[in-house]
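See structure below.
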There are 4 protein chains.
Amino acid sequence: MNHGLEVLRHHPEKPPASVEECVKACLDCLLACTACADACLSEDDVSSMRDCIRLDADCAATCAATVQLLVRSGSEIGREGLIAKLAACAAACSACEEECRKHAAHHAHCKHCAEACKACADACEALMKTLN
Amino acid sequence: MNHGLEVLRHHPEKPPASVEECVKACLDCLLACTACADACLSEDDVSSMRDCIRLDADCAATCAATVQLLVRSGSEIGREGLIAKLAACAAACSACEEECRKHAAHHAHCKHCAEACKACADACEALMKTLN
Amino acid sequence: MNHGLEVLRHHPEKPPASVEECVKACLDCLLACTACADACLSEDDVSSMRDCIRLDADCAATCAATVQLLVRSGSEIGREGLIAKLAACAAACSACEEECRKHAAHHAHCKHCAEACKACADACEALMKTLN
Amino acid sequence: MNHGLEVLRHHPEKPPASVEECVKACLDCLLACTACADACLSEDDVSSMRDCIRLDADCAATCAATVQLLVRSGSEIGREGLIAKLAACAAACSACEEECRKHAAHHAHCKHCAEACKACADACEALMKTLN
């Protein structure tokens, strides 16, 4: 993320640290959930992993969109949309974390994915508090 | 959208008409906002169109993610995330519509984009009412 | 797609009909593949549908990116990238079509998805011919 | 990226180091280009940055799709699509790098974005060599 973060830091409206933290958490969660969905699909018990695959995919899609809004959040414009987006992202992350925890004991990818989801939900909620 | 809608209608958990309507509105809005952002960038008064370009891009990203959640909404799983997502999508659409209306008199692409945003916000809100 | 297409037609660098056709085919295929992946996941024989789910997801992601490049294709800038992208999109569509055909007899969603993929691959290839 | 990479490493078909490197480069480039596009839009000379904004957006969209294909690349399925995708990604990155270099002297975000694009193009090309 080194080059990307440098670009962000040289944006004319340099984003605050809380936005940068949230961007990093969303990108980590996007990767975790995309990879977890595909890992679940490779498991022998794939028929038990349907909910996890769906929630992973929902969470990844939501994180991808959130990153975009965060990067463009320098102006006040779109503030209300950003807050609603962070709420949606935290909801998607929490739902995915809860499901991944159920499988964490036998699928290590779910264990790590749950951690990514928790960190991302926390970052979204922390940022929301600074915006309200 | 003919083939895509046929696939949706043959999903084992056939989505209700309200979901299908929302999917169509989101895809229309995704195209409208992506095209409007680029059209704004081509205008001579591009420096006056910054907010519009940003809100277009935010709205397009949000609609793209919403489509994904809608398509996977057959199970109860992820219901809370879907509701939060529809709220975020309606907020992004409304913000973009409001900005596009300001330019509708001199940029026809903004006028049509505002219509797409309004239709999508309405579809998201209509669907939310059936889910709560 | 009505509002979205109107926006596209009012873009200062109005895209030719071949671009508009390709945009429509990509959006149709994006919806078809997103819905087919989720439909496959709901099937009793999900363990036989792994390849289809993966190729559906790859194809949907590729079509989504292609739409974006197409909409911004008014200038000569990025022409080489667009051609490479259309080739990648046609390849993803063809791979997904081939897999979906295997399941078309017992899963109607795969049958319709294969049609969407074929139409999109054809549109990408037709457009490529006009750009080379 | 720590949690996300851990998920990837616990995928039943653990991806080789070359895939992991490419995933990291694509995510870095996705962030760099998304942020650079918005930074360009904030600059006083926005009318000179149109090409850069478009190529940034194209590159970001392409990198986002490439990440998805990479994560699902454990099976042989979709190999041809992946190779075409990597070629398209390298082309988008190279085009964006070339444009960003033109502005690197006066916009630090473009300088860092060019580095991200170069690293991503290199990673895509390195991976392609192992797949052909």
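In the structure tokens, chains take letters A, B, ... by order of appearance, with residues numbered from 1 within each chain and ligands from 1 in the order shown.
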
Report as an mmCIF file with N, CA, C and O atoms, in the first residue's frame the set of chain B residues whose atoms approach chain A to within 9 Å, with distances computed over only C-alpha atoms.
```cif
data_model
loop_
_atom_site.group_PDB
_atom_site.id
_atom_site.type_symbol
_atom_site.label_atom_id
_atom_site.label_comp_id
_atom_site.auth_asym_id
_atom_site.auth_seq_id
_atom_site.Cartn_x
_atom_site.Cartn_y
_atom_site.Cartn_z
ATOM 1 N N ASP B 51 -17.847 18.961 -8.074
ATOM 2 C CA ASP B 51 -18.763 18.284 -7.141
ATOM 3 C C ASP B 51 -19.605 17.255 -7.878
ATOM 4 O O ASP B 51 -19.868 16.165 -7.364
ATOM 5 N N ARG B 54 -17.586 14.157 -8.650
ATOM 6 C CA ARG B 54 -17.380 13.330 -7.443
ATOM 7 C C ARG B 54 -18.657 12.603 -7.012
ATOM 8 O O ARG B 54 -18.624 11.419 -6.676
ATOM 9 N N LEU B 55 -19.761 13.318 -7.018
ATOM 10 C CA LEU B 55 -21.010 12.673 -6.586
ATOM 11 C C LEU B 55 -21.460 11.625 -7.595
ATOM 12 O O LEU B 55 -22.017 10.591 -7.220
ATOM 13 N N ALA B 57 -19.397 9.785 -9.327
ATOM 14 C CA ALA B 57 -18.525 8.627 -9.102
ATOM 15 C C ALA B 57 -18.932 7.875 -7.838
ATOM 16 O O ALA B 57 -18.943 6.635 -7.814
ATOM 17 N N ASP B 58 -19.253 8.618 -6.795
ATOM 18 C CA ASP B 58 -19.720 7.977 -5.554
ATOM 19 C C ASP B 58 -21.001 7.187 -5.812
ATOM 20 O O ASP B 58 -21.162 6.056 -5.340
ATOM 21 N N CYS B 59 -21.910 7.799 -6.543
ATOM 22 C CA CYS B 59 -23.203 7.157 -6.796
ATOM 23 C C CYS B 59 -23.028 5.898 -7.650
ATOM 24 O O CYS B 59 -23.637 4.864 -7.376
ATOM 25 N N ALA B 60 -22.181 5.985 -8.659
ATOM 26 C CA ALA B 60 -21.946 4.818 -9.516
ATOM 27 C C ALA B 60 -21.359 3.661 -8.711
ATOM 28 O O ALA B 60 -21.786 2.505 -8.851
ATOM 29 N N ALA B 61 -20.382 3.973 -7.857
ATOM 30 C CA ALA B 61 -19.750 2.919 -7.050
ATOM 31 C C ALA B 61 -20.761 2.285 -6.099
ATOM 32 O O ALA B 61 -20.763 1.069 -5.890
ATOM 33 N N THR B 62 -21.616 3.125 -5.537
ATOM 34 C CA THR B 62 -22.614 2.621 -4.587
ATOM 35 C C THR B 62 -23.644 1.757 -5.298
ATOM 36 O O THR B 62 -24.017 0.679 -4.805
ATOM 37 N N CYS B 63 -24.119 2.205 -6.446
ATOM 38 C CA CYS B 63 -25.099 1.420 -7.205
ATOM 39 C C CYS B 63 -24.518 0.066 -7.611
ATOM 40 O O CYS B 63 -25.220 -0.955 -7.576
ATOM 41 N N ALA B 64 -23.254 0.048 -8.012
ATOM 42 C CA ALA B 64 -22.620 -1.208 -8.420
ATOM 43 C C ALA B 64 -22.627 -2.210 -7.274
ATOM 44 O O ALA B 64 -22.916 -3.396 -7.463
ATOM 45 N N ALA B 65 -22.306 -1.735 -6.077
ATOM 46 C CA ALA B 65 -22.307 -2.635 -4.917
ATOM 47 C C ALA B 65 -23.729 -3.066 -4.556
ATOM 48 O O ALA B 65 -23.962 -4.214 -4.175
ATOM 49 N N THR B 66 -24.677 -2.144 -4.682
ATOM 50 C CA THR B 66 -26.063 -2.478 -4.336
ATOM 51 C C THR B 66 -26.617 -3.582 -5.234
ATOM 52 O O THR B 66 -27.318 -4.483 -4.764
ATOM 53 N N GLN B 68 -25.055 -5.994 -6.505
ATOM 54 C CA GLN B 68 -24.551 -7.286 -6.041
ATOM 55 C C GLN B 68 -25.334 -7.794 -4.836
ATOM 56 O O GLN B 68 -25.694 -8.977 -4.770
ATOM 57 N N LEU B 69 -25.579 -6.916 -3.868
ATOM 58 C CA LEU B 69 -26.317 -7.354 -2.682
ATOM 59 C C LEU B 69 -27.746 -7.750 -3.044
ATOM 60 O O LEU B 69 -28.276 -8.726 -2.503
ATOM 61 N N ARG B 72 -28.049 -11.207 -4.485
ATOM 62 C CA ARG B 72 -27.828 -12.276 -3.494
ATOM 63 C C ARG B 72 -28.822 -12.207 -2.341
ATOM 64 O O ARG B 72 -28.592 -12.794 -1.289
ATOM 65 N N SER B 75 -31.841 -15.181 0.296
ATOM 66 C CA SER B 75 -31.943 -15.736 1.647
ATOM 67 C C SER B 75 -32.110 -14.595 2.647
ATOM 68 O O SER B 75 -31.877 -13.432 2.346
ATOM 69 N N ILE B 77 -30.285 -14.240 5.140
ATOM 70 C CA ILE B 77 -28.901 -13.880 5.484
ATOM 71 C C ILE B 77 -28.528 -12.539 4.859
ATOM 72 O O ILE B 77 -28.761 -12.327 3.669
ATOM 73 N N GLY B 78 -27.972 -11.688 5.644
ATOM 74 C CA GLY B 78 -27.499 -10.425 5.096
ATOM 75 C C GLY B 78 -28.601 -9.387 4.970
ATOM 76 O O GLY B 78 -28.403 -8.340 4.373
ATOM 77 N N GLU B 80 -29.958 -7.385 7.192
ATOM 78 C CA GLU B 80 -29.628 -6.120 7.848
ATOM 79 C C GLU B 80 -28.639 -5.311 7.004
ATOM 80 O O GLU B 80 -28.772 -4.093 6.855
ATOM 81 N N GLY B 81 -27.672 -6.016 6.433
ATOM 82 C CA GLY B 81 -26.700 -5.352 5.565
ATOM 83 C C GLY B 81 -27.369 -4.777 4.325
ATOM 84 O O GLY B 81 -27.020 -3.685 3.864
ATOM 85 N N LEU B 82 -28.346 -5.500 3.788
ATOM 86 C CA LEU B 82 -29.047 -5.025 2.595
ATOM 87 C C LEU B 82 -29.820 -3.743 2.886
ATOM 88 O O LEU B 82 -29.805 -2.795 2.098
ATOM 89 N N ILE B 83 -30.494 -3.716 4.033
ATOM 90 C CA ILE B 83 -31.267 -2.513 4.379
ATOM 91 C C ILE B 83 -30.335 -1.305 4.527
ATOM 92 O O ILE B 83 -30.614 -0.220 3.985
ATOM 93 N N ALA B 84 -29.212 -1.503 5.217
ATOM 94 C CA ALA B 84 -28.247 -0.405 5.373
ATOM 95 C C ALA B 84 -27.700 0.019 4.007
ATOM 96 O O ALA B 84 -27.467 1.205 3.748
ATOM 97 N N LYS B 85 -27.523 -0.971 3.146
ATOM 98 C CA LYS B 85 -26.995 -0.681 1.817
ATOM 99 C C LYS B 85 -27.986 0.121 0.982
ATOM 100 O O LYS B 85 -27.604 1.048 0.246
ATOM 101 N N LEU B 86 -29.241 -0.240 1.067
ATOM 102 C CA LEU B 86 -30.264 0.490 0.316
ATOM 103 C C LEU B 86 -30.361 1.927 0.818
ATOM 104 O O LEU B 86 -30.549 2.865 0.025
ATOM 105 N N ALA B 87 -30.204 2.107 2.123
ATOM 106 C CA ALA B 87 -30.213 3.466 2.675
ATOM 107 C C ALA B 87 -29.025 4.266 2.142
ATOM 108 O O ALA B 87 -29.170 5.438 1.761
ATOM 109 N N ALA B 88 -27.865 3.630 2.096
ATOM 110 C CA ALA B 88 -26.670 4.311 1.585
ATOM 111 C C ALA B 88 -26.826 4.629 0.103
ATOM 112 O O ALA B 88 -26.399 5.692 -0.376
ATOM 113 N N CYS B 89 -27.451 3.723 -0.620
ATOM 114 C CA CYS B 89 -27.629 3.929 -2.060
ATOM 115 C C CYS B 89 -28.612 5.069 -2.307
ATOM 116 O O CYS B 89 -28.373 5.939 -3.161
ATOM 117 N N ALA B 90 -29.700 5.080 -1.561
ATOM 118 C CA ALA B 90 -30.670 6.172 -1.699
ATOM 119 C C ALA B 90 -30.020 7.515 -1.359
ATOM 120 O O ALA B 90 -30.282 8.527 -2.028
ATOM 121 N N ALA B 91 -29.166 7.535 -0.348
ATOM 122 C CA ALA B 91 -28.482 8.780 0.038
ATOM 123 C C ALA B 91 -27.533 9.250 -1.057
ATOM 124 O O ALA B 91 -27.493 10.441 -1.397
ATOM 125 N N ALA B 92 -26.785 8.320 -1.631
ATOM 126 C CA ALA B 92 -25.853 8.684 -2.714
ATOM 127 C C ALA B 92 -26.611 9.176 -3.939
ATOM 128 O O ALA B 92 -26.217 10.156 -4.588
ATOM 129 N N CYS B 93 -27.706 8.509 -4.255
ATOM 130 C CA CYS B 93 -28.521 8.903 -5.411
ATOM 131 C C CYS B 93 -29.132 10.292 -5.197
ATOM 132 O O CYS B 93 -29.152 11.120 -6.116
ATOM 133 N N SER B 94 -29.635 10.531 -4.005
ATOM 134 C CA SER B 94 -30.275 11.819 -3.730
ATOM 135 C C SER B 94 -29.269 12.961 -3.783
ATOM 136 O O SER B 94 -29.571 14.038 -4.311
ATOM 137 N N ALA B 95 -28.071 12.737 -3.239
ATOM 138 C CA ALA B 95 -27.035 13.769 -3.272
ATOM 139 C C ALA B 95 -26.628 14.069 -4.711
ATOM 140 O O ALA B 95 -26.438 15.233 -5.099
ATOM 141 N N CYS B 96 -26.523 13.026 -5.505
ATOM 142 C CA CYS B 96 -26.116 13.210 -6.899
ATOM 143 C C CYS B 96 -27.230 13.881 -7.707
ATOM 144 O O CYS B 96 -26.964 14.762 -8.534
#
```

### Task
List every residue of chain B that DSSP, applied to the backbone of this structure, assigns to helix (DSSP H, G or I), and report them as a PyMOL selection string.
chain B and resi 2-9+17-42+46-48+50-71+79-103+108-131

Save out the residues we just selected, C-alpha atoms, as a tab-separated table (two decimals), in the first residue's frame.
```
chain	number	residue	atom	x	y	z
B	2	ASN	CA	-32.94	-9.29	-21.29
B	3	HIS	CA	-30.57	-12.19	-20.67
B	4	GLY	CA	-29.60	-10.92	-17.24
B	5	LEU	CA	-33.20	-10.59	-16.12
B	6	GLU	CA	-33.95	-14.09	-17.41
B	7	VAL	CA	-31.10	-15.44	-15.28
B	8	LEU	CA	-32.47	-13.61	-12.27
B	9	ARG	CA	-35.93	-15.04	-12.89
B	17	ALA	CA	-40.61	-7.88	-8.48
B	18	SER	CA	-39.48	-5.15	-6.08
B	19	VAL	CA	-35.94	-6.55	-6.10
B	20	GLU	CA	-35.94	-6.83	-9.88
B	21	GLU	CA	-37.13	-3.23	-10.21
B	22	CYS	CA	-34.38	-2.07	-7.88
B	23	VAL	CA	-31.72	-4.02	-9.78
B	24	LYS	CA	-32.81	-2.37	-13.03
B	25	ALA	CA	-32.84	1.10	-11.48
B	26	CYS	CA	-29.36	0.59	-9.99
B	27	LEU	CA	-27.87	-0.58	-13.29
B	28	ASP	CA	-29.45	2.34	-15.11
B	29	CYS	CA	-28.12	4.74	-12.49
B	30	LEU	CA	-24.68	3.13	-12.56
B	31	LEU	CA	-24.48	3.76	-16.29
B	32	ALA	CA	-25.95	7.25	-16.03
B	33	CYS	CA	-23.54	8.38	-13.33
B	34	THR	CA	-20.47	6.82	-14.93
B	35	ALA	CA	-21.32	8.52	-18.20
B	36	CYS	CA	-22.27	11.82	-16.56
B	37	ALA	CA	-18.97	11.99	-14.65
B	38	ASP	CA	-17.04	11.58	-17.87
B	39	ALA	CA	-19.29	13.97	-19.78
B	40	CYS	CA	-18.77	16.62	-17.07
B	41	LEU	CA	-15.04	16.13	-17.40
B	42	SER	CA	-15.31	16.96	-21.12
B	46	VAL	CA	-15.00	21.48	-15.87
B	47	SER	CA	-13.82	23.48	-12.86
B	48	SER	CA	-17.49	24.11	-11.98
B	50	ARG	CA	-16.00	19.01	-9.66
B	51	ASP	CA	-18.76	18.28	-7.14
B	52	CYS	CA	-20.88	16.72	-9.85
B	53	ILE	CA	-18.04	14.47	-11.01
B	54	ARG	CA	-17.38	13.33	-7.44
B	55	LEU	CA	-21.01	12.67	-6.59
B	56	ASP	CA	-21.48	10.87	-9.90
B	57	ALA	CA	-18.53	8.63	-9.10
B	58	ASP	CA	-19.72	7.98	-5.55
B	59	CYS	CA	-23.20	7.16	-6.80
B	60	ALA	CA	-21.95	4.82	-9.52
B	61	ALA	CA	-19.75	2.92	-7.05
B	62	THR	CA	-22.61	2.62	-4.59
B	63	CYS	CA	-25.10	1.42	-7.21
B	64	ALA	CA	-22.62	-1.21	-8.42
B	65	ALA	CA	-22.31	-2.63	-4.92
B	66	THR	CA	-26.06	-2.48	-4.34
B	67	VAL	CA	-26.74	-4.56	-7.44
B	68	GLN	CA	-24.55	-7.29	-6.04
B	69	LEU	CA	-26.32	-7.35	-2.68
B	70	LEU	CA	-29.72	-7.31	-4.37
B	71	VAL	CA	-28.90	-10.28	-6.56
B	79	ARG	CA	-30.90	-8.75	5.43
B	80	GLU	CA	-29.63	-6.12	7.85
B	81	GLY	CA	-26.70	-5.35	5.57
B	82	LEU	CA	-29.05	-5.03	2.60
B	83	ILE	CA	-31.27	-2.51	4.38
B	84	ALA	CA	-28.25	-0.41	5.37
B	85	LYS	CA	-26.99	-0.68	1.82
B	86	LEU	CA	-30.26	0.49	0.32
B	87	ALA	CA	-30.21	3.47	2.67
B	88	ALA	CA	-26.67	4.31	1.59
B	89	CYS	CA	-27.63	3.93	-2.06
B	90	ALA	CA	-30.67	6.17	-1.70
B	91	ALA	CA	-28.48	8.78	0.04
B	92	ALA	CA	-25.85	8.68	-2.71
B	93	CYS	CA	-28.52	8.90	-5.41
B	94	SER	CA	-30.27	11.82	-3.73
B	95	ALA	CA	-27.03	13.77	-3.27
B	96	CYS	CA	-26.12	13.21	-6.90
B	97	GLU	CA	-29.58	14.10	-8.14
B	98	GLU	CA	-29.52	17.37	-6.19
B	99	GLU	CA	-26.17	18.36	-7.68
B	100	CYS	CA	-27.11	17.29	-11.22
B	101	ARG	CA	-30.29	19.39	-11.09
B	102	LYS	CA	-28.11	22.50	-10.67
B	103	HIS	CA	-26.55	21.86	-14.07
B	108	ALA	CA	-28.48	17.64	-20.85
B	109	HIS	CA	-26.42	14.74	-19.49
B	110	CYS	CA	-26.93	16.12	-15.98
B	111	LYS	CA	-30.66	16.40	-16.58
B	112	HIS	CA	-30.95	12.76	-17.59
B	113	CYS	CA	-28.59	11.68	-14.84
B	114	ALA	CA	-30.77	13.41	-12.26
B	115	GLU	CA	-33.72	11.37	-13.54
B	116	ALA	CA	-31.76	8.14	-13.21
B	117	CYS	CA	-30.73	9.08	-9.66
B	118	LYS	CA	-34.28	9.94	-8.66
B	119	ALA	CA	-35.65	6.68	-10.05
B	120	CYS	CA	-32.96	4.70	-8.25
B	121	ALA	CA	-33.45	6.46	-4.92
B	122	ASP	CA	-37.20	5.81	-5.23
B	123	ALA	CA	-36.65	2.13	-6.02
B	124	CYS	CA	-34.29	1.71	-3.06
B	125	GLU	CA	-36.75	3.37	-0.71
B	126	ALA	CA	-39.69	1.36	-2.03
B	127	LEU	CA	-37.77	-1.86	-1.49
B	128	MET	CA	-36.66	-0.84	2.00
B	129	LYS	CA	-40.30	-0.44	3.00
B	130	THR	CA	-41.01	-4.07	2.08
B	131	LEU	CA	-38.01	-5.31	4.09
```

### Task
Can you work out the spacing between atom CA of Ala104 of chain D and atom CA of Pro16 of chain A in Å, to one decimal?
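Rounded to one decimal, the two atoms are 23.5 Å apart.
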
### Separation of atom CA of His107 of chain B from atom CA of Glu43 of chain B, in Å and rounded to one decimal
8.8 Å

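Across the model, the gap from atom CA of Met1 of chain D to atom CA of Gly74 of chain D is 19.8 Å.
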